[in-house]
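One structure below.
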Amino acid sequence: MTPMLMDAPTAKLDEATKQDFTAEVQEWLEAFDQVVKADEAHAADILGALRQRAGEVGVAVPGTLTTPYCNTIRPEQEVPYPGDRSMERRVEALIRWNAMAMVHSQNKKDAGIGGHISTYSSLATLLEVGFNHFFHAKYGNEPGDFIYFQGHASPGVYARAFLEGRFDESRLKNFRHELRAEPGLSSYPHPWLMPEFWNFPTVSMGIGPLNAIYQARFMRYLENRHLIAKTDRKVWAFVGDGESDEVDTLGAISLGAREQLDNLIFVVNCNLQRLDGPVRGNKRIIDELEGVFRGAGWNVIKVIWGSDWDELFAKDKTGLLLQRMSECVDGDFQNYKAKDGAYLRENFFGKYPELLELVKDKSDTELGLLHRGGHDPAKIYNAYKEAVEHTGGPTVILAKTVKGYGLGSAQARNATHSEKKLADDALAGFVKRFDIPIPEKAAKDGTFYRPEPSAPELQYMQARRAELGGYLPQRSTPPLADRAPDFKAPALDFFKTWTAGSNGRAISTTMGFVNMLNALMKDKAVGKWIVPIVPDEGRTFGLESSIKQVGIYAAEGQKYTPHDADIFLSYRENKDGQILEEGITEAGAMASFTAAGTAYSNYGVPSIPFYMYYSMFGFQRIGDMAWAFADSRGRGFLMGGTAGRTTMLGEGLQHQDGHSIVLSSTVPTCVTYDPAFVYELAVVVQDGIRRMYEASENVFFYITMYNEDYAQPPMPEGCAEGIVKGLYKLKSAISGEATVQLFGSGPILNEVLRAQQMLAEHYKVQADVWSVTSYTEVRRDALAVERWNRLHPAEPERKSYLSTMIDATNGPIIAASDYMKSLPDGLSPWLGSRLVTLGTDGFGRSDNRVHLRRHFEVSAESIVGATLSRLARDGKFKPKDAQKALVELGLNTEAGDPARA
Ligand SMILES: Cc1ncc(C[n+]2csc(CCOP(=O)(O)OP(=O)(O)O)c2C)c(N)n1
Ligand SMILES: [Mg+2]
């Protein structure tokens with residue numbers, strides 16, 4: 001789209017440039033205007049050719065990422081609005097009213113419960129044009145458009161659903177009262193709390209836009225892999241202008257253009273304000289975003305001014321009006337809307353007599369009401385139409401709006417974001433402003449208003465939604481049989497290669513897993529649903545064979561011959577490749593994981609994502625996205641590779657993870673495992689597929705994988721249940737009855753086994769060895785049982801799994817893992833003083849495993865030392881002998897505490 005054409009003379013130029021402008025330049029401009037008038041496309045070609053020539057002869061031309069501060073679509077290019085404006089105006093007014101009444105009355109009743117009205121007030125028309133004309137709930141039998149709503153605009157989305165008859169008044173009355181007898185409405189879009197309504201949690205700023213980009217990409221992935229039919233469905237993301245400061249919002253936009261995602265539309269609600277004040281008081285956010293998005297290859301459509309400005313622009317033959325706009329910064333624009341029309345006349349138009357002349361026939365009230373583009377349905381309609389018709393890449397619509405639009409004295413004020421209640425007069429004023437047919441008393445009380453279903457405006461609204469396939473938002477969980485009739489989780493037997501052990505061959509759990517993954521991908525029933533995801537770490541995990549086997553997804557295929565084409569495991573990219581190779585972006589990979597992990601609901605596709613990454617760059621880096629994933633009821637496997645503070649040797653402090661499990665344990669739906677052996681990992685993966693995809697449980701799995709090679713033992717008889725529950729006895733005392741219990745996890749279990757041997761051989765202490773595959777799961781079970789017992793004091797006490805396993809055992813429990821001590825400590829309420837924990841608290845170091853384990857005191861020697869020390873304290877071992885043993889074991893009793901080193 002070319003910028004607005006102005007009649008000669010063209011736009012006013014700044015003083016410095018003007019002085020240089022000779023008659024010759026004016027001639028050029030006039031000639032160019034002639035060309036534009038004759039054939040716009042030709043004019044663009046000429047400019048392009050000139051630009052190229054300039055580059056060839058070495059003339060530097062300033063970039064043209066931004067265009068003048070006006071609408072991208074010129075009035076003469078617009079199509080007429082297809083809807084019934086008066087009906088739509090009325091519906092929008094009713095929604096505005098009910099949204100506001102909901103927040104207002106709830107805060108009157110329950111002061112401080114919160115809610116927002118000013119975000120929606122700026123977004124209302126942008127959403128309504130979508131609801132009435134663009135947002136498809138379905139495409140035939142295929143899913144419709146995906147809408148990522150600005151989280152703080154939720155009141156408006158609820159109010160619409162109320163008018164549509166999807167909620168009764170009691171739901172609105174219970175806004176934010178989720179813990180009452182009658183079901184309430186959640187504060188923001190939370191699929192966890194409203195699983196039949198919201199699809200995408202967006203309220204943590206930046207997560208919505210980032211996920212939307214990867215959703216659009218995953219949609220193409222499913223289409224290109226022929227797992228869903230190709231349709232015109234779109235992903236719409238409504239984004240705040242303040243939200244655009246989040247690195248997550250803009251950090252992945254280049255992917256949109258690179259992958260030519262013309263199924264993706266961003267609408268940035270440029271109300272020029274965020275929470276505290278203006279987004280760019282001293283600049284213009286629309287200019288900034290235009291440059292950023294255009295630079296990233298997006299189609300940019302600016303919707304700055306409403307139709308009532310068109311006439312003024314048409315009348316202005318001087319270019320002064322546009323110049324005046326370019327002289328203002330967003331702080332000015334906000335100020336104009338916070339003040340009245342008289343102020344605008346004096347301070348905006350008043351700068352130039354010619355502009356005052358331009359508006360002399362308009363009253364102050366009319367000037368005050370001059371619309372911004374984001375409040376003008378015709379302008380919005382044309383922008384949306386162009387966006388959905390645009391091909392070859394994504395579109396961003398930068399829509400200028402007013403925060404707190406129509407809220408009287410709260411409009412465009414810095415404090416408007418937090419406005420929750422209006423004064424009585426303001427409520428009455430609102431009703432008048434939007435022509436809402438309720439009596440003044442009801443208005444002042446903030447009462448809801450929904451006309452009879454037969455009212456023409458509601459009939460109109462319903463007809464529009466029926467035409468577009470139904471209501472939105474709407475979340476469902478279609479039966480898997482619709483898309484995957486032959487889907488069946490593989491039985492444990494499928495994994496027998498991995499439960500049988502490695503026959504003495506030293507392999508890591510990572511290698512075992514990758515082999516397993518390749519086999520799963522070959523399986524007839526589940527193979528095609530597997531979605532391996534890596535953030536440029538495929539080789540770290542030994543995925544070369546998978547790359548060859550199923551290929552890397554590349555929308556354009558492989559346009560080059562890979563340098564390694566002649567070797568067996570060459571780099572293969574395919575249009576229907578299965579692996580999502582994200583490059584170095586854990587956040588992007590997590591967004592893909594989210595799209596794939598929620599596809600069972602959004603597309604009815606049982607895709608099973610396995611996202612493999614450096615465990616250090618997981619939860620602590622993308623923690624907020626993991627939380628949103630859980631809120632989305634996401635399912636799938638996070639595979640934390642190179643796990644363990646002492647196992648991931650060499651790379652040092654910023655790579656060595658000894659806490660991701662602690663972080664994962666904070667996510668309620670995350671089921672975490674820390675397997676020591678490949679057979680444990682196989683059991684967990686099998687159980688995960690069964691739970692998530694067969695039993696449809698809303699959980700996801702986090703599994704650590706290590707890179708230490710050792711012989712993998714065969715699975716002992718009957719331990720599968722214990723593996724899943726998180727604890728089982730691996731090896732009884734070597735001779736006689738144990739007086740000590742040793743807990744081990746991950747590769748530290750090998751240290752524990754060595755300690756068992758040393759204790760028996762050198763110190764005559766017998767110990768049982770337990771494999772703890774999940775402290776988190778054992779603790780959760782114990783907590784649940786304890787709660788039940790607390791609530792049922794008159795019933796016989798129930799026993800937790802932990803108690804069932806451990807109560808009858810003897811002696812202290814020494815627990816060691818490659819993770820922080822707080823993990824085993826989570827069991828201390830039930831193990832009491834029996835528990836001694838060893839773990840890897842503190843910063844990592846780049847040394848080898850022997851030194852790391854000695855430093856963190858999780859080596860076999862440290863475990864033996866801790867056991868003897870504890871026995872000494874318990875009066876079961878001579879203290880002097882214990883002290884001597886520590887020396888014999890080579891433990892430096894005076895070394896600094898690794899937790900603080
Ligand atoms: C990650 C994150 N940080 C901070 C907040 C708190 N917060 C809620 S709304 C808001 C301002 C939003 O401004 P903008 O994106 O411009 O949206 P508007 O309400 O103006 O449409 C902030 C900072 C949040 N929700 N998420
Ligand atoms: Mg804003």
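Ordering of the structure tokens sets the chain letters (A, B, ...); residue numbers start at 1 within each chain; ligands are numbered from 1 in the order shown.
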
Pull the closest atom pair for each residue of chain A that gets at most 10 Å from ligand 2, along with the distance in Å to one decimal, counting only C-alpha atoms and all ligand atoms, ordering rows by chain and then ascending residue number, as a Markdown table.
```
| residue | atom | partner | partner_atom_place_in_ligand_line | distance |
| --- | --- | --- | --- | --- |
| A:Ser118 | CA | ligand 2 | 1 (Mg) | 9.4 |
| A:Thr119 | CA | ligand 2 | 1 (Mg) | 7.3 |
| A:Ser122 | CA | ligand 2 | 1 (Mg) | 8.7 |
| A:Leu123 | CA | ligand 2 | 1 (Mg) | 9.8 |
| A:Val239 | CA | ligand 2 | 1 (Mg) | 8.6 |
| A:Gly240 | CA | ligand 2 | 1 (Mg) | 4.9 |
| A:Asp241 | CA | ligand 2 | 1 (Mg) | 4.6 |
| A:Gly242 | CA | ligand 2 | 1 (Mg) | 4.9 |
| A:Glu243 | CA | ligand 2 | 1 (Mg) | 7.3 |
| A:Ser244 | CA | ligand 2 | 1 (Mg) | 9.1 |
| A:Val268 | CA | ligand 2 | 1 (Mg) | 8.7 |
| A:Asn269 | CA | ligand 2 | 1 (Mg) | 6.4 |
| A:Cys270 | CA | ligand 2 | 1 (Mg) | 5.7 |
| A:Asn271 | CA | ligand 2 | 1 (Mg) | 4.7 |
| A:Leu272 | CA | ligand 2 | 1 (Mg) | 5.3 |
| A:Gln273 | CA | ligand 2 | 1 (Mg) | 4.1 |
| A:Arg274 | CA | ligand 2 | 1 (Mg) | 4.3 |
| A:Leu275 | CA | ligand 2 | 1 (Mg) | 7.6 |
| A:Gly277 | CA | ligand 2 | 1 (Mg) | 9.1 |
| A:Pro278 | CA | ligand 2 | 1 (Mg) | 8.0 |
| A:Val279 | CA | ligand 2 | 1 (Mg) | 6.9 |
| A:Ile285 | CA | ligand 2 | 1 (Mg) | 10.0 |
| A:Lys400 | CA | ligand 2 | 1 (Mg) | 9.8 |
| A:Thr401 | CA | ligand 2 | 1 (Mg) | 8.8 |
| A:Val402 | CA | ligand 2 | 1 (Mg) | 8.7 |
| A:Lys403 | CA | ligand 2 | 1 (Mg) | 6.9 |
| A:His417 | CA | ligand 2 | 1 (Mg) | 8.8 |
```

Residues as selected, C-alpha atoms, written as a CSV table (one decimal), in the first residue's frame, can you do that?
```
chain,number,residue,atom,x,y,z
A,118,SER,CA,-10.5,1.0,30.3
A,119,THR,CA,-8.7,-1.6,28.2
A,122,SER,CA,-10.5,1.2,23.9
A,123,LEU,CA,-10.8,-2.3,22.3
A,239,VAL,CA,-2.0,-6.9,21.8
A,240,GLY,CA,-1.6,-3.9,24.0
A,241,ASP,CA,0.8,-1.1,22.9
A,242,GLY,CA,2.4,-1.2,26.3
A,243,GLU,CA,2.6,-5.0,26.0
A,244,SER,CA,4.8,-4.5,22.9
A,268,VAL,CA,-2.1,-3.6,18.4
A,269,ASN,CA,-4.5,-1.6,20.4
A,270,CYS,CA,-2.6,1.7,20.4
A,271,ASN,CA,-4.4,3.6,23.1
A,272,LEU,CA,-1.0,5.2,23.8
A,273,GLN,CA,-1.2,4.3,27.5
A,274,ARG,CA,-0.1,1.5,29.7
A,275,LEU,CA,-0.6,1.2,33.4
A,277,GLY,CA,1.2,6.6,31.9
A,278,PRO,CA,1.9,7.0,28.2
A,279,VAL,CA,3.7,4.2,26.4
A,285,ILE,CA,4.4,4.2,19.4
A,400,LYS,CA,-5.1,4.2,17.3
A,401,THR,CA,-7.6,4.2,20.2
A,402,VAL,CA,-8.4,6.1,23.4
A,403,LYS,CA,-7.9,4.3,26.7
A,417,HIS,CA,-6.1,1.7,33.8
```

Problem set entry | Residue contacts of stretch 545-548 of chain A (10 Å, only C-alpha atoms) excluding same-chain residues fewer than 5 positions away, as a ChimeraX atom specification | /A:514-515,517-519,521,532,538-539,553,568-573,577-579,581

For this session: Mind checking which residues fall within 12 Å of A:Val129, counting only C-alpha atoms, ignoring those fewer than 2 positions away in the same chain, and posting them as a PyMOL selection string?
Result: chain A and resi 81-85+88-89+91-92+123-127+131-135+374-385+461+464-465

Problem set entry | atom CA of A:Pro606 to atom CA of A:Ala257, straight-line distance in Å |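 Computed distance, atom CA of A:Ala257 to atom CA of A:Pro606, equals 27.8 Å.
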
Problem set entry | Option closest in space to ligand 1, from A:Tyr188, A:Tyr702, A:Tyr560, A:Tyr471 [counting only C-alpha atoms and all ligand atoms] |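 Ranked by minimum distance to ligand 1, first place goes to A:Tyr188.
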
Exercise. Can you list, as JSON, numbers by chain, every protein, DNA or RNA residue that comes within 8 Å of A:Gly865 when you count only C-alpha atoms, leaving out same-chain residues fewer than 4 positions away?
Worked result: {"A": [861, 869, 882, 885, 886, 889, 891]}

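Residues surrounding A:Leu222 within 10 Å are Arg217, Leu227, Ile228, Ala229, Lys230, Trp529, Asp576, Gln578, Ala596, Ala599, Tyr603, Val605 and Ser607 of chain A [only C-alpha atoms; sequence separation below 5 positions excluded].
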
For this session: Check the smallest atom-to-atom distance from each of A:Ala49, A:Met625, A:Val59, A:Ala44 to ligand 1 using only C-alpha atoms and all ligand atoms, then report the winner.
Result: A:Met625

Exercise. What are the DSSP alpha helix (DSSP H) residues of stretch 225-452 of chain A, as a PyMOL selection string?
Worked result: chain A and resi 247-250+253-258+285-295+307-315+320-327+330-338+341-347+353-358+364-369+377-389+424-433+440-445

Could you turn the residues from that selection into a file that holds C-alpha atoms, as a tab-separated table (two decimals), in the first residue's frame?
```tsv
chain	number	residue	atom	x	y	z
A	247	VAL	CA	10.67	-8.90	24.60
A	248	ASP	CA	8.30	-11.83	24.17
A	249	THR	CA	5.91	-9.70	22.09
A	250	LEU	CA	8.36	-8.60	19.43
A	253	ILE	CA	8.03	-11.53	14.84
A	254	SER	CA	10.67	-12.30	12.22
A	255	LEU	CA	9.45	-15.90	12.25
A	256	GLY	CA	6.09	-14.70	10.98
A	257	ALA	CA	7.57	-13.22	7.83
A	258	ARG	CA	10.21	-15.91	7.36
A	285	ILE	CA	4.41	4.24	19.45
A	286	ILE	CA	2.68	3.73	16.11
A	287	ASP	CA	5.73	5.00	14.21
A	288	GLU	CA	8.01	2.81	16.27
A	289	LEU	CA	5.94	-0.32	15.79
A	290	GLU	CA	5.47	0.39	12.11
A	291	GLY	CA	9.23	0.45	11.64
A	292	VAL	CA	9.82	-2.65	13.72
A	293	PHE	CA	7.16	-4.75	12.02
A	294	ARG	CA	7.91	-3.55	8.52
A	295	GLY	CA	11.59	-4.17	9.12
A	307	SER	CA	-13.78	8.77	8.85
A	308	ASP	CA	-14.70	12.15	10.30
A	309	TRP	CA	-11.13	13.27	9.69
A	310	ASP	CA	-11.27	12.34	6.00
A	311	GLU	CA	-13.17	15.46	5.17
A	312	LEU	CA	-10.61	17.63	6.95
A	313	PHE	CA	-7.74	15.97	5.14
A	314	ALA	CA	-9.53	16.38	1.85
A	315	LYS	CA	-10.02	20.07	2.50
A	320	LEU	CA	-0.37	21.35	7.18
A	321	LEU	CA	-2.78	19.01	8.93
A	322	LEU	CA	-0.48	16.04	8.44
A	323	GLN	CA	2.47	18.16	9.42
A	324	ARG	CA	0.72	19.21	12.63
A	325	MET	CA	0.16	15.57	13.47
A	326	SER	CA	3.78	14.75	12.90
A	327	GLU	CA	4.69	17.55	15.29
A	330	ASP	CA	1.84	10.61	22.05
A	331	GLY	CA	1.85	12.61	25.28
A	332	ASP	CA	0.11	15.39	23.32
A	333	PHE	CA	-2.38	13.03	21.69
A	334	GLN	CA	-3.28	11.59	25.07
A	335	ASN	CA	-3.67	15.06	26.50
A	336	TYR	CA	-6.04	16.10	23.71
A	337	LYS	CA	-8.35	13.21	24.56
A	338	ALA	CA	-8.16	13.86	28.28
A	341	GLY	CA	-12.82	20.02	22.07
A	342	ALA	CA	-12.08	23.63	22.97
A	343	TYR	CA	-8.65	22.59	24.17
A	344	LEU	CA	-8.06	20.67	20.95
A	345	ARG	CA	-9.08	23.68	18.88
A	346	GLU	CA	-6.79	25.99	20.75
A	347	ASN	CA	-3.77	23.78	21.14
A	353	PRO	CA	-4.32	29.88	11.34
A	354	GLU	CA	-4.93	27.70	8.26
A	355	LEU	CA	-5.92	24.80	10.51
A	356	LEU	CA	-8.20	26.93	12.63
A	357	GLU	CA	-9.86	27.95	9.42
A	358	LEU	CA	-10.24	24.29	8.49
A	364	ASP	CA	-16.12	22.24	20.23
A	365	THR	CA	-18.27	19.21	20.96
A	366	GLU	CA	-17.80	17.95	17.43
A	367	LEU	CA	-14.07	18.47	17.67
A	368	GLY	CA	-13.98	16.58	20.96
A	369	LEU	CA	-15.76	13.68	19.32
A	377	PRO	CA	-15.96	0.41	12.26
A	378	ALA	CA	-15.52	1.37	8.61
A	379	LYS	CA	-11.81	1.96	8.96
A	380	ILE	CA	-11.40	-1.21	11.01
A	381	TYR	CA	-13.43	-3.27	8.57
A	382	ASN	CA	-11.25	-2.19	5.67
A	383	ALA	CA	-8.08	-2.95	7.59
A	384	TYR	CA	-9.32	-6.41	8.61
A	385	LYS	CA	-10.46	-7.13	5.09
A	386	GLU	CA	-7.08	-6.28	3.69
A	387	ALA	CA	-5.39	-8.29	6.44
A	388	VAL	CA	-7.36	-11.47	5.77
A	389	GLU	CA	-6.87	-11.11	2.03
A	424	ASP	CA	-23.06	8.06	39.89
A	425	ASP	CA	-23.03	10.99	37.52
A	426	ALA	CA	-20.41	9.39	35.36
A	427	LEU	CA	-22.55	6.27	35.10
A	428	ALA	CA	-25.52	8.34	34.08
A	429	GLY	CA	-23.32	10.19	31.60
A	430	PHE	CA	-22.11	6.91	30.13
A	431	VAL	CA	-25.65	5.72	29.56
A	432	LYS	CA	-26.46	8.95	27.82
A	433	ARG	CA	-23.27	8.96	25.75
A	440	GLU	CA	-31.28	6.80	35.43
A	441	LYS	CA	-31.71	5.02	38.76
A	442	ALA	CA	-30.70	1.69	37.24
A	443	ALA	CA	-27.78	3.39	35.57
A	444	LYS	CA	-26.59	4.84	38.84
A	445	ASP	CA	-26.91	1.43	40.48
```

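Across A:Ala399, A:Ala555, A:Leu791, A:Ala816, the tightest approach to A:Ser745 is made by A:Ala816 when counting only C-alpha atoms.
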
For this session: Grab the atom CA of A:Arg845 to atom CA of A:Leu649 distance for me, in Å with one decimal place.
Result: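 About the pair atom CA of A:Arg845 and atom CA of A:Leu649: they are 8.1 Å apart.
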
Exercise. Of the residues A:Ala412, A:Val235, A:Leu65, A:Leu759, which is the one nearest to A:Asp276, using only C-alpha atoms?
Worked result: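 Looking at the shortest contact to A:Asp276, the residue is A:Ala412.
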
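Nearest to A:Phe701 of all the residues A:Ile265, A:Ala237, A:Val671, A:Leu681 is A:Val671, counting only C-alpha atoms.
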
For this session: Excluding stretch 711-725 of chain A and residues on its chain fewer than 6 positions from it, collect all residues at most 7 Å away from it, counting only C-alpha atoms, and give them as a list in words.
Result: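 Residues near the query, excluding close chain neighbours: Thr499, Ala500, Gly501, Ser502, Gly504, Arg505, Ala506, Ile507, Phe677, Val678, Tyr679, Glu680, Val683, Val684, Thr773, Glu777 and Val778 of chain A.
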